$ cat run07.pdb   # PDB, C-alpha atoms
ATOM      1  CA  MET P 618       0.000   0.000   0.000
ATOM      2  CA  ASP P 619       1.042   3.627  -0.532
ATOM      3  CA  ILE P 620       1.032   5.891   2.542
ATOM      4  CA  PRO P 621       1.218   9.705   2.198
ATOM      5  CA  TYR P 622       4.404  11.106   3.745
ATOM      6  CA  GLU P 623       2.687  13.327   6.334
ATOM      7  CA  GLN P 624       0.382  10.510   7.439
ATOM      8  CA  LEU P 625       3.313   8.167   7.896
ATOM      9  CA  LYS P 626       5.329  10.709   9.864
ATOM     10  CA  GLN P 627       2.396  11.576  12.140
ATOM     11  CA  THR P 628       1.589   7.902  12.768
ATOM     12  CA  LEU P 629       5.165   7.091  13.774
ATOM     13  CA  GLU P 630       5.402  10.154  16.020
ATOM     14  CA  GLU P 631       2.167   9.233  17.818
ATOM     15  CA  ILE P 632       3.409   5.690  18.413
ATOM     16  CA  LEU P 633       6.738   6.886  19.806
ATOM     17  CA  ILE P 634       4.972   9.263  22.195
ATOM     18  CA  ALA P 635       2.656   6.438  23.272
ATOM     19  CA  HIS P 636       5.763   4.432  24.163
ATOM     20  CA  GLY P 637       7.181   7.127  26.413
ATOM     21  CA  VAL P 638       9.267   9.220  24.027
ATOM     22  CA  PRO P 639       8.885  12.969  24.691
ATOM     23  CA  ALA P 640       7.739  15.095  21.771
ATOM     24  CA  GLU P 641      11.124  16.830  21.380
ATOM     25  CA  ASN P 642      12.652  13.448  20.524
ATOM     26  CA  ALA P 643       9.630  11.746  18.939
ATOM     27  CA  ALA P 644       9.220  14.396  16.238
ATOM     28  CA  PRO P 645      12.764  14.248  14.782
ATOM     29  CA  ALA P 646      12.897  10.454  15.164
ATOM     30  CA  ALA P 647       9.610  10.004  13.283
ATOM     31  CA  LYS P 648      10.746  12.436  10.604
ATOM     32  CA  ASN P 649      13.938  10.414  10.113
ATOM     33  CA  TYR P 650      12.009   7.155   9.661
ATOM     34  CA  ALA P 651       9.585   8.832   7.267
ATOM     35  CA  ASP P 652      12.391  10.550   5.320
ATOM     36  CA  ASN P 653      14.321   7.299   4.970
ATOM     37  CA  SER P 654      11.219   5.603   3.622
ATOM     38  CA  LEU P 655      10.481   8.555   1.355
ATOM     39  CA  ASP P 656      13.936   8.111  -0.166
ATOM     40  CA  GLY P 657      13.309   4.413  -0.759
ATOM     41  CA  VAL P 658      15.439   3.098   2.113
ATOM     42  CA  TYR P 659      12.574   1.134   3.669
ATOM     43  CA  SER P 660      14.978  -1.244   5.406
ATOM     44  CA  HIS P 661      16.108   1.634   7.641
ATOM     45  CA  GLY P 662      12.724   3.343   7.741
ATOM     46  CA  VAL P 663       9.345   1.670   8.194
ATOM     47  CA  ASP P 664      10.775  -1.854   8.183
ATOM     48  CA  ARG P 665      12.992  -1.171  11.193
ATOM     49  CA  PHE P 666      10.578   0.993  13.180
ATOM     50  CA  PRO P 667       8.990  -1.911  15.124
ATOM     51  CA  ARG P 668      12.431  -2.990  16.332
ATOM     52  CA  THR P 669      13.061   0.488  17.719
ATOM     53  CA  VAL P 670       9.801   0.331  19.666
ATOM     54  CA  ASP P 671      10.849  -3.071  20.991
ATOM     55  CA  TYR P 672      14.182  -1.612  22.139
ATOM     56  CA  LEU P 673      12.329   1.238  23.841
ATOM     57  CA  ASP P 674       9.948  -1.126  25.599
ATOM     58  CA  ARG P 675      12.807  -3.326  26.795
ATOM     59  CA  GLY P 676      14.781  -0.367  28.110
ATOM     60  CA  LEU P 677      17.685  -0.852  25.723
ATOM     61  CA  VAL P 678      17.152   2.644  24.295
ATOM     62  CA  ASP P 679      16.252   5.646  26.451
ATOM     63  CA  GLY P 680      13.726   7.592  24.417
ATOM     64  CA  ALA P 681      13.950  10.627  26.719
ATOM     65  CA  ALA P 682      17.763  10.941  26.722
ATOM     66  CA  ARG P 683      19.591  13.879  25.156
ATOM     67  CA  PRO P 684      23.341  13.820  24.467
ATOM     68  CA  VAL P 685      25.731  15.743  26.725
ATOM     69  CA  LEU P 686      29.026  17.416  25.829
ATOM     70  CA  LEU P 687      32.045  15.756  27.425
ATOM     71  CA  SER P 688      34.916  17.844  26.064
ATOM     72  CA  ALA P 689      35.815  20.311  23.323
ATOM     73  CA  PHE P 690      39.030  21.464  21.671
ATOM     74  CA  GLY P 691      38.927  23.956  18.809
ATOM     75  CA  ALA P 692      36.858  22.451  16.003
ATOM     76  CA  MET P 693      36.525  19.096  17.794
ATOM     77  CA  GLU P 694      33.920  17.898  20.298
ATOM     78  CA  ARG P 695      33.243  14.654  22.159
ATOM     79  CA  TRP P 696      29.718  13.779  23.328
ATOM     80  CA  ASP P 697      27.953  11.080  25.336
ATOM     81  CA  GLY P 698      24.744   9.842  23.708
ATOM     82  CA  ARG P 699      23.430   8.450  27.017
ATOM     83  CA  MET P 700      21.930   5.461  25.169
ATOM     84  CA  GLY P 701      19.326   7.668  23.499
ATOM     85  CA  LEU P 702      17.605   7.295  20.134
ATOM     86  CA  GLY P 703      20.400   6.909  17.623
ATOM     87  CA  ASN P 704      18.813   8.849  14.775
ATOM     88  CA  VAL P 705      18.006  11.789  17.077
ATOM     89  CA  ASN P 706      21.552  11.822  18.477
ATOM     90  CA  ALA P 707      23.083  11.594  15.004
ATOM     91  CA  ALA P 708      21.104  14.545  13.657
ATOM     92  CA  LEU P 709      22.154  16.625  16.664
ATOM     93  CA  MET P 710      25.810  15.621  16.235
ATOM     94  CA  MET P 711      25.922  16.417  12.532
ATOM     95  CA  GLY P 712      24.254  19.702  13.431
ATOM     96  CA  ARG P 713      27.112  20.417  15.842
ATOM     97  CA  ALA P 714      29.696  19.501  13.195
ATOM     98  CA  ILE P 715      27.993  21.885  10.751
ATOM     99  CA  ALA P 716      27.998  24.674  13.342
ATOM    100  CA  LEU P 717      31.695  24.125  14.081
ATOM    101  CA  ALA P 718      32.434  24.154  10.343
ATOM    102  CA  GLY P 719      30.684  27.509  10.093
ATOM    103  CA  GLU P 720      33.104  28.891  12.688
ATOM    104  CA  ASN P 721      36.290  27.070  11.686
ATOM    105  CA  GLY P 722      35.796  25.768   8.166
ATOM    106  CA  ILE P 723      35.712  22.217   9.549
ATOM    107  CA  GLY P 724      33.993  20.513  12.441
ATOM    108  CA  LEU P 725      34.540  17.055  13.916
ATOM    109  CA  VAL P 726      32.174  15.543  16.468
ATOM    110  CA  ALA P 727      32.535  12.109  18.048
ATOM    111  CA  ILE P 728      29.842  10.456  20.159
ATOM    112  CA  GLN P 729      29.925   7.436  22.452
ATOM    113  CA  ASN P 730      27.095   5.408  24.011
ATOM    114  CA  THR P 731      24.650   6.032  21.191
ATOM    115  CA  ASN P 732      22.461   3.642  19.205
ATOM    116  CA  HIS P 733      21.557   2.667  15.648
ATOM    117  CA  TRP P 734      21.255   5.795  13.519
ATOM    118  CA  MET P 735      19.031   4.029  10.942
ATOM    119  CA  ARG P 736      20.141   5.351   7.500
ATOM    120  CA  GLY P 737      23.524   7.021   7.776
ATOM    121  CA  GLY P 738      22.984   8.727   4.431
ATOM    122  CA  ALA P 739      20.393  10.973   6.085
ATOM    123  CA  PHE P 740      23.200  12.807   7.866
ATOM    124  CA  GLY P 741      25.218  13.149   4.687
ATOM    125  CA  TRP P 742      22.174  14.820   3.107
ATOM    126  CA  GLN P 743      21.872  16.982   6.238
ATOM    127  CA  ALA P 744      25.429  18.238   5.802
ATOM    128  CA  ALA P 745      25.018  18.811   2.070
ATOM    129  CA  GLU P 746      21.801  20.775   2.592
ATOM    130  CA  ALA P 747      23.844  23.058   4.879
ATOM    131  CA  GLY P 748      26.437  23.567   2.140
ATOM    132  CA  CYS P 749      28.982  21.235   3.733
ATOM    133  CA  ILE P 750      30.953  18.265   2.590
ATOM    134  CA  GLY P 751      29.819  15.652   5.085
ATOM    135  CA  ILE P 752      31.661  12.529   6.208
ATOM    136  CA  CYS P 753      30.336  10.235   8.909
ATOM    137  CA  TRP P 754      30.408   6.641  10.036
ATOM    138  CA  THR P 755      29.316   4.364  12.834
ATOM    139  CA  ASN P 756      30.421   1.067  14.244
ATOM    140  CA  THR P 757      27.995  -1.795  14.858
ATOM    141  CA  THR P 758      27.628  -5.065  16.668
ATOM    142  CA  PRO P 759      29.932  -7.826  15.308
ATOM    143  CA  ASN P 760      27.942  -8.970  12.285
ATOM    144  CA  ALA P 761      30.465  -9.907   9.601
ATOM    145  CA  PRO P 762      33.566 -12.104   9.448
ATOM    146  CA  ALA P 763      37.016 -10.583   9.107
ATOM    147  CA  TRP P 764      38.588 -11.670   5.840
ATOM    148  CA  GLY P 765      39.752 -15.252   6.154
ATOM    149  CA  GLY P 766      37.374 -16.016   9.049
ATOM    150  CA  THR P 767      33.947 -17.574   9.253
ATOM    151  CA  ASP P 768      32.580 -16.190  12.534
ATOM    152  CA  ASN P 769      31.401 -12.609  12.989
ATOM    153  CA  ARG P 770      34.098 -10.400  14.552
ATOM    154  CA  ILE P 771      33.819  -7.071  12.670
ATOM    155  CA  GLY P 772      30.970  -4.651  11.914
ATOM    156  CA  ASN P 773      29.494  -3.569   8.615
ATOM    157  CA  ASN P 774      30.240   0.006   9.814
ATOM    158  CA  PRO P 775      28.487   2.241   7.228
ATOM    159  CA  LEU P 776      30.513   5.083   5.671
ATOM    160  CA  ILE P 777      28.877   8.204   4.222
ATOM    161  CA  ILE P 778      30.475  10.924   2.080
ATOM    162  CA  ALA P 779      28.416  13.819   0.724
ATOM    163  CA  VAL P 780      29.372  16.719  -1.551
ATOM    164  CA  PRO P 781      26.885  19.611  -1.857
ATOM    165  CA  GLN P 782      25.602  21.171  -5.048
ATOM    166  CA  SER P 783      23.856  24.551  -5.067
ATOM    167  CA  GLY P 784      20.729  23.309  -6.819
ATOM    168  CA  GLY P 785      20.162  20.576  -4.227
ATOM    169  CA  ASP P 786      21.148  17.632  -6.422
ATOM    170  CA  HIS P 787      23.839  16.626  -3.951
ATOM    171  CA  VAL P 788      26.246  13.746  -4.505
ATOM    172  CA  VAL P 789      25.850  11.375  -1.555
ATOM    173  CA  LEU P 790      27.479   7.993  -1.069
ATOM    174  CA  ASP P 791      26.121   5.707   1.671
ATOM    175  CA  ILE P 792      27.770   2.298   1.840
ATOM    176  CA  ALA P 793      27.967  -0.512   4.361
ATOM    177  CA  MET P 794      31.104  -2.595   4.655
ATOM    178  CA  THR P 795      29.127  -5.634   3.558
ATOM    179  CA  GLN P 796      27.952  -6.035  -0.033
ATOM    180  CA  PHE P 797      24.399  -5.315   1.123
ATOM    181  CA  ALA P 798      23.293  -3.694   4.372
ATOM    182  CA  TYR P 799      21.666  -6.140   6.774
ATOM    183  CA  GLY P 800      18.353  -4.345   6.563
ATOM    184  CA  LYS P 801      18.362  -4.532   2.762
ATOM    185  CA  VAL P 802      18.989  -8.268   2.883
ATOM    186  CA  ALA P 803      16.084  -8.661   5.312
ATOM    187  CA  HIS P 804      13.828  -6.482   3.128
ATOM    188  CA  ALA P 805      14.701  -8.505   0.020
ATOM    189  CA  ALA P 806      14.008 -11.740   1.901
ATOM    190  CA  MET P 807      10.590 -10.444   3.006
ATOM    191  CA  LYS P 808       9.707  -9.624  -0.598
ATOM    192  CA  GLY P 809      11.031 -12.946  -1.896
ATOM    193  CA  GLU P 810      13.534 -11.189  -4.136
ATOM    194  CA  THR P 811      16.921 -12.372  -5.379
ATOM    195  CA  LEU P 812      19.939 -10.108  -4.861
ATOM    196  CA  PRO P 813      21.419  -8.669  -8.080
ATOM    197  CA  VAL P 814      24.907  -9.970  -7.189
ATOM    198  CA  PRO P 815      26.157 -12.414  -4.536
ATOM    199  CA  GLY P 816      25.781 -10.843  -1.106
ATOM    200  CA  GLY P 817      27.197 -13.528   1.140
ATOM    201  CA  TYR P 818      27.477 -17.203   1.877
ATOM    202  CA  ASP P 819      24.827 -19.793   2.683
ATOM    203  CA  ALA P 820      25.081 -22.267   5.551
ATOM    204  CA  GLN P 821      27.216 -24.547   3.353
ATOM    205  CA  GLY P 822      29.753 -21.782   2.706
ATOM    206  CA  GLN P 823      28.720 -21.179  -0.908
ATOM    207  CA  LEU P 824      28.380 -17.670  -2.350
ATOM    208  CA  THR P 825      24.700 -16.905  -2.924
ATOM    209  CA  ARG P 826      22.266 -14.286  -4.167
ATOM    210  CA  ASP P 827      19.501 -15.694  -1.942
ATOM    211  CA  PRO P 828      18.902 -13.145   0.862
ATOM    212  CA  ALA P 829      17.040 -15.668   3.025
ATOM    213  CA  ALA P 830      19.994 -18.083   2.867
ATOM    214  CA  ILE P 831      22.364 -15.308   3.965
ATOM    215  CA  ARG P 832      20.025 -14.194   6.728
ATOM    216  CA  ASP P 833      19.325 -17.702   8.015
ATOM    217  CA  GLY P 834      22.576 -19.340   8.964
ATOM    218  CA  GLY P 835      24.877 -17.846   6.386
ATOM    219  CA  ARG P 836      27.347 -14.983   6.566
ATOM    220  CA  HIS P 837      27.681 -11.651   4.776
ATOM    221  CA  LEU P 838      30.369 -10.807   2.238
ATOM    222  CA  THR P 839      32.499  -7.701   2.854
ATOM    223  CA  ILE P 840      32.866  -5.251  -0.025
ATOM    224  CA  GLY P 841      36.091  -5.734  -1.925
ATOM    225  CA  TYR P 842      36.696  -8.926   0.051
ATOM    226  CA  TRP P 843      39.791  -8.169   2.196
ATOM    227  CA  LYS P 844      39.621  -4.432   1.430
ATOM    228  CA  GLY P 845      36.195  -4.051   2.998
ATOM    229  CA  SER P 846      37.327  -6.065   5.990
ATOM    230  CA  GLY P 847      40.325  -3.801   6.545
ATOM    231  CA  LEU P 848      38.282  -0.629   6.083
ATOM    232  CA  SER P 849      35.711  -1.885   8.586
ATOM    233  CA  ILE P 850      38.391  -2.403  11.221
ATOM    234  CA  LEU P 851      39.907   1.057  10.724
ATOM    235  CA  LEU P 852      36.539   2.858  10.774
ATOM    236  CA  ASP P 853      35.706   1.075  14.007
ATOM    237  CA  LEU P 854      38.993   2.039  15.635
ATOM    238  CA  ALA P 855      38.820   5.689  14.558
ATOM    239  CA  ALA P 856      35.267   6.107  15.896
ATOM    240  CA  ALA P 857      36.071   4.397  19.203
ATOM    241  CA  VAL P 858      39.386   6.204  19.777
ATOM    242  CA  LEU P 859      37.974   9.670  19.063
ATOM    243  CA  SER P 860      34.721   9.144  20.984
ATOM    244  CA  GLY P 861      36.255   7.229  23.876
ATOM    245  CA  GLY P 862      33.466   4.706  23.380
ATOM    246  CA  ASN P 863      33.009   1.061  22.509
ATOM    247  CA  THR P 864      34.725  -0.808  19.700
ATOM    248  CA  VAL P 865      32.871  -3.495  17.771
ATOM    249  CA  THR P 866      34.682  -6.019  19.964
ATOM    250  CA  ASP P 867      33.447  -4.248  23.132
ATOM    251  CA  ILE P 868      29.872  -4.088  21.839
ATOM    252  CA  GLY P 869      29.873  -7.810  21.121
ATOM    253  CA  LYS P 870      31.128  -8.644  24.615
ATOM    254  CA  LYS P 871      28.925  -6.174  26.532
ATOM    255  CA  TYR P 872      25.546  -6.463  24.805
ATOM    256  CA  LYS P 873      23.296  -9.001  23.138
ATOM    257  CA  ASP P 874      21.736  -6.295  20.968
ATOM    258  CA  GLU P 875      23.111  -3.524  18.752
ATOM    259  CA  VAL P 876      23.430  -0.711  21.296
ATOM    260  CA  GLY P 877      26.200   1.380  22.859
ATOM    261  CA  LEU P 878      27.733   2.421  19.519
ATOM    262  CA  SER P 879      30.485   4.909  18.634
ATOM    263  CA  GLN P 880      30.067   7.381  15.761
ATOM    264  CA  LEU P 881      31.986  10.171  14.042
ATOM    265  CA  PHE P 882      30.687  13.225  12.149
ATOM    266  CA  ILE P 883      32.776  15.599  10.034
ATOM    267  CA  ALA P 884      31.544  18.704   8.212
ATOM    268  CA  ILE P 885      33.677  20.868   5.905
ATOM    269  CA  ARG P 886      32.694  24.197   4.343
ATOM    270  CA  PRO P 887      34.111  24.296   0.793
ATOM    271  CA  ASP P 888      32.879  27.874   0.396
ATOM    272  CA  LYS P 889      35.581  28.952   2.847
ATOM    273  CA  PHE P 890      38.060  28.255   0.030
ATOM    274  CA  GLN P 891      36.160  29.140  -3.135
ATOM    275  CA  ASP P 892      32.880  30.332  -4.602
ATOM    276  CA  PRO P 893      30.182  27.600  -4.737
ATOM    277  CA  ALA P 894      30.072  28.018  -8.513
ATOM    278  CA  VAL P 895      33.553  26.487  -8.702
ATOM    279  CA  SER P 896      32.368  23.407  -6.800
ATOM    280  CA  ASP P 897      29.220  23.195  -8.900
ATOM    281  CA  GLY P 898      31.298  23.319 -12.058
ATOM    282  CA  ALA P 899      33.533  20.462 -10.904
ATOM    283  CA  ILE P 900      30.515  18.307 -10.050
ATOM    284  CA  ALA P 901      28.807  19.103 -13.351
ATOM    285  CA  ARG P 902      31.895  18.117 -15.365
ATOM    286  CA  VAL P 903      32.275  14.830 -13.535
ATOM    287  CA  VAL P 904      28.585  13.930 -13.773
ATOM    288  CA  GLU P 905      28.443  14.783 -17.473
ATOM    289  CA  ASP P 906      31.512  12.661 -18.160
ATOM    290  CA  ILE P 907      30.109   9.708 -16.211
ATOM    291  CA  LYS P 908      26.780   9.983 -18.018
ATOM    292  CA  ASN P 909      28.591   9.788 -21.328
ATOM    293  CA  SER P 910      30.051   6.387 -20.422
ATOM    294  CA  VAL P 911      29.306   3.464 -22.680
ATOM    295  CA  PRO P 912      26.532   1.581 -20.801
ATOM    296  CA  ALA P 913      27.263  -2.000 -19.778
ATOM    297  CA  GLY P 914      23.595  -2.985 -19.625
ATOM    298  CA  GLU P 915      20.035  -1.711 -19.361
ATOM    299  CA  GLY P 916      20.302  -0.305 -15.839
ATOM    300  CA  GLY P 917      21.698   3.049 -16.894
ATOM    301  CA  ILE P 918      24.484   5.083 -15.324
ATOM    302  CA  SER P 919      23.886   7.214 -12.254
ATOM    303  CA  TYR P 920      25.954   9.124  -9.726
ATOM    304  CA  PRO P 921      25.642   8.468  -5.969
ATOM    305  CA  GLY P 922      22.437  10.051  -4.716
ATOM    306  CA  GLU P 923      20.736  10.465  -8.098
ATOM    307  CA  ARG P 924      18.375   7.526  -7.678
ATOM    308  CA  THR P 925      17.551   8.710  -4.164
ATOM    309  CA  LEU P 926      16.350  12.033  -5.539
ATOM    310  CA  ALA P 927      14.225  10.301  -8.164
ATOM    311  CA  THR P 928      12.659   7.985  -5.585
ATOM    312  CA  ARG P 929      11.978  10.890  -3.238
ATOM    313  CA  ARG P 930      10.089  12.792  -5.939
ATOM    314  CA  ARG P 931       8.096   9.720  -6.960
ATOM    315  CA  ASN P 932       7.128   8.818  -3.378
ATOM    316  CA  LEU P 933       6.097  12.380  -2.561
ATOM    317  CA  GLU P 934       3.731  12.301  -5.526
ATOM    318  CA  ARG P 935       2.335   8.781  -5.182
ATOM    319  CA  GLY P 936       2.819   7.936  -1.508
ATOM    320  CA  ILE P 937       5.402   5.754   0.223
ATOM    321  CA  PRO P 938       5.068   2.043  -0.598
ATOM    322  CA  VAL P 939       4.869   0.022   2.621
ATOM    323  CA  LEU P 940       4.522  -3.746   2.735
ATOM    324  CA  ASP P 941       1.110  -4.754   4.126
ATOM    325  CA  GLU P 942       2.673  -6.909   6.840
ATOM    326  CA  VAL P 943       4.930  -4.035   7.933
ATOM    327  CA  TRP P 944       2.038  -1.548   8.105
ATOM    328  CA  GLU P 945      -0.005  -4.033  10.123
ATOM    329  CA  ARG P 946       2.854  -4.437  12.598
ATOM    330  CA  ILE P 947       3.209  -0.660  12.916
ATOM    331  CA  GLN P 948      -0.522  -0.173  13.465
ATOM    332  CA  GLY P 949      -0.381  -2.876  16.145
ATOM    333  CA  LEU P 950       2.109  -0.793  18.128
ATOM    334  CA  ARG P 951      -0.444   1.905  18.969
TER
END
$ encode --input "run07.pdb" --output "structure tokens"
Amino acid sequence: MDIPYEQLKQTLEEILIAHGVPAENAAPAAKNYADNSLDGVYSHGVDRFPRTVDYLDRGLVDGAARPVLLSAFGAMERWDGRMGLGNVNAALMMGRAIALAGENGIGLVAIQNTNHWMRGGAFGWQAAEAGCIGICWTNTTPNAPAWGGTDNRIGNNPLIIAVPQSGGDHVVLDIAMTQFAYGKVAHAAMKGETLPVPGGYDAQGQLTRDPAAIRDGGRHLTIGYWKGSGLSILLDLAAAVLSGGNTVTDIGKKYKDEVGLSQLFIAIRPDKFQDPAVSDGAIARVVEDIKNSVPAGEGGISYPGERTLATRRRNLERGIPVLDEVWERIQGLR
């Protein structure tokens, strides 16, 4: 079914408030879930919303918590998320990085003791909308094997890089360290779809495009094989060292669920160096050149973020497609 954006956002906000989340946190959290779904990232929007409510009800996430500043030095800050809603904390932290960039040209904010931020790309878009190059990442629970291993010891630690464009058609990359984000594998399994390329191994250790086989007893494949594994480890260490928070190893030993995460947010103001028209010109030249590539198939050639913009426009016009079973679960949370 297709749900209008405002209806979806209001429904999610009402449910969060009913589960003890104050309005100052419920409103931005609901907007994040609705925005993620609007942009077509249902796995980190409506699909994941019931799990957040479960975490709230079990006391794993404190819906009333607000982050507190621990220390600051120049353009750098360290915060404690106090186990609050991860998407609310992340928006506040990128907001701080943007503010610091306005003062210094660059801002770096690290946060400990926070929770799942849902779609990391949302905070890349946030930075780009403010005219900033945005870079951010998070660690996770151990949910992927290090290269050469079979048991889960590293995280899929999403990395986001965004470059702003004056007209709003920002270039935004949002990638997990596994071939497919866990939520996307789960969403594909729910829809009975086959992955376009192998995304992991089945229980017999064979590469597979079957999302259900990966989800049920298999293991995920890191991007670039050993390269993704190495990048995952370094992102984890950088976030934990700068925030003073948990590593993926710590999270796996301390908790049974994906909580207590460490995250890093960087914002850079390119207009401190040059007129925005110079940046726009560089982006336009690159995009035009990419678009003139010889296509390898029928899928077309797009730059990072282009399909997101197209999906956003389509869903605003037609409504956000939500699986019937997901909408029923959400309605049951009232």
$ residues_around --input "run07.pdb" --residues "Gln624 of chain P" --least-positions-apart "2" --cutoff "12 Å" --atoms "all atoms listed in the file" --output "list in words"
Asp619, Ile620, Pro621, Tyr622, Lys626, Gln627, Thr628, Leu629, Glu630, Glu631, Ala647, Lys648, Ala651, Leu655, Leu933, Gly936 and Ile937 of chain P
$ write_last_selection --input "run07.pdb" --atoms "C-alpha atoms" --output "short mmCIF file (atom, residue, chain, number, x, y, z; two decimals), keeping the file's coordinate frame"
data_model
loop_
_atom_site.label_atom_id
_atom_site.label_comp_id
_atom_site.auth_asym_id
_atom_site.auth_seq_id
_atom_site.Cartn_x
_atom_site.Cartn_y
_atom_site.Cartn_z
CA ASP P 619 1.04 3.63 -0.53
CA ILE P 620 1.03 5.89 2.54
CA PRO P 621 1.22 9.70 2.20
CA TYR P 622 4.40 11.11 3.74
CA LYS P 626 5.33 10.71 9.86
CA GLN P 627 2.40 11.58 12.14
CA THR P 628 1.59 7.90 12.77
CA LEU P 629 5.16 7.09 13.77
CA GLU P 630 5.40 10.15 16.02
CA GLU P 631 2.17 9.23 17.82
CA ALA P 647 9.61 10.00 13.28
CA LYS P 648 10.75 12.44 10.60
CA ALA P 651 9.59 8.83 7.27
CA LEU P 655 10.48 8.56 1.36
CA LEU P 933 6.10 12.38 -2.56
CA GLY P 936 2.82 7.94 -1.51
CA ILE P 937 5.40 5.75 0.22
#
$ residues_around --input "run07.pdb" --residues "Pro781 of chain P" --least-positions-apart "3" --cutoff "10 Å" --atoms "only C-alpha atoms" --output "list in words"
Gly741, Trp742, Gln743, Ala744, Ala745, Glu746, Ala747, Gly748, Cys749, Ile750, Gly751, Gly784, Gly785, Asp786, His787, Val788, Val789, Arg886, Pro887, Pro893, Ser896, Asp897 and Ile900 of chain P
$ atom_distance --input "run07.pdb" --atom1 "atom CA of Ala718 of chain P" --atom2 "atom CA of Val903 of chain P"
25.6 Å
$ closest_residue --input "run07.pdb" --among "P:Ala857, P:Leu633, P:Ile850, P:Val658" --to "Leu926 of chain P" --atoms "all atoms listed in the file"
P:Val658
$ resolve_selection --input "run07.pdb" --expression "the PyMOL selection byres ((chain P and resi 790) around 6)" --output "MDAnalysis selection string"
chainID P and resid 777:778 789 791 921
$ closest_residue --input "run07.pdb" --among "P:Pro938, P:Pro667, P:Gly800, P:Gly662" --to "His636 of chain P" --atoms "all atoms listed in the file"
P:Pro667
$ residues_around --input "run07.pdb" --residues "segment 693-695 of chain P" --least-positions-apart "4" --cutoff "7 Å" --atoms "only C-alpha atoms" --output "list in words"
Leu686, Leu687, Ser688, Ala689, Gly724, Leu725, Val726, Ala727, Ile728 and Ser860 of chain P
$ write_last_selection --input "run07.pdb" --atoms "C-alpha atoms" --output "mmCIF file, in the frame of the given file"
data_model
loop_
_atom_site.group_PDB
_atom_site.id
_atom_site.type_symbol
_atom_site.label_atom_id
_atom_site.label_comp_id
_atom_site.auth_asym_id
_atom_site.auth_seq_id
_atom_site.Cartn_x
_atom_site.Cartn_y
_atom_site.Cartn_z
ATOM 1 C CA LEU P 686 29.026 17.416 25.829
ATOM 2 C CA LEU P 687 32.045 15.756 27.425
ATOM 3 C CA SER P 688 34.916 17.844 26.064
ATOM 4 C CA ALA P 689 35.815 20.311 23.323
ATOM 5 C CA GLY P 724 33.993 20.513 12.441
ATOM 6 C CA LEU P 725 34.540 17.055 13.916
ATOM 7 C CA VAL P 726 32.174 15.543 16.468
ATOM 8 C CA ALA P 727 32.535 12.109 18.048
ATOM 9 C CA ILE P 728 29.842 10.456 20.159
ATOM 10 C CA SER P 860 34.721 9.144 20.984
#
$ resolve_selection --input "run07.pdb" --expression "the PyMOL selection byres ((chain P and resi 684) around 12)" --output "PyMOL selection string"
chain P and resi 642+679-683+685-687+695-710+713+727-732
$ atom_distance --input "run07.pdb" --atom1 "atom CA of Gly816 of chain P" --atom2 "atom CA of Arg736 of chain P"
19.2 Å
$ atom_distance --input "run07.pdb" --atom1 "atom CA of Met794 of chain P" --atom2 "atom CA of Asp664 of chain P"
20.6 Å
$ closest_residue --input "run07.pdb" --among "P:Leu776, P:His837, P:Asp819, P:Asn756" --to "Val858 of chain P" --atoms "all atoms listed in the file"
P:Asn756
$ closest_residue --input "run07.pdb" --among "P:Lys808, P:Arg951, P:Arg924, P:Arg929" --to "Pro828 of chain P" --atoms "all atoms listed in the file"
P:Lys808
$ resolve_selection --input "run07.pdb" --expression "the PyMOL selection byres ((chain P and resi 798) around 10)" --output "count of residues only"
19
$ closest_residue --input "run07.pdb" --among "P:Ala830, P:Leu852, P:Leu881, P:Leu824" --to "Phe740 of chain P" --atoms "only C-alpha atoms"
P:Leu881
$ residues_around --input "run07.pdb" --residues "Gly835 of chain P" --least-positions-apart "2" --cutoff "12 Å" --atoms "only C-alpha atoms" --output "PyMOL selection string"
chain P and resi 760-762+767-769+802+816-833+837-838
$ write_last_selection --input "run07.pdb" --atoms "C-alpha atoms" --output "compact mmCIF listing (two decimals), in the coordinates of the input"
# COMPACT_ATOMS: atom_id res chain seq x y z
CA ASN P 760 27.94 -8.97 12.28
CA ALA P 761 30.46 -9.91 9.60
CA PRO P 762 33.57 -12.10 9.45
CA THR P 767 33.95 -17.57 9.25
CA ASP P 768 32.58 -16.19 12.53
CA ASN P 769 31.40 -12.61 12.99
CA VAL P 802 18.99 -8.27 2.88
CA GLY P 816 25.78 -10.84 -1.11
CA GLY P 817 27.20 -13.53 1.14
CA TYR P 818 27.48 -17.20 1.88
CA ASP P 819 24.83 -19.79 2.68
CA ALA P 820 25.08 -22.27 5.55
CA GLN P 821 27.22 -24.55 3.35
CA GLY P 822 29.75 -21.78 2.71
CA GLN P 823 28.72 -21.18 -0.91
CA LEU P 824 28.38 -17.67 -2.35
CA THR P 825 24.70 -16.90 -2.92
CA ARG P 826 22.27 -14.29 -4.17
CA ASP P 827 19.50 -15.69 -1.94
CA PRO P 828 18.90 -13.14 0.86
CA ALA P 829 17.04 -15.67 3.02
CA ALA P 830 19.99 -18.08 2.87
CA ILE P 831 22.36 -15.31 3.96
CA ARG P 832 20.02 -14.19 6.73
CA ASP P 833 19.32 -17.70 8.02
CA HIS P 837 27.68 -11.65 4.78
CA LEU P 838 30.37 -10.81 2.24
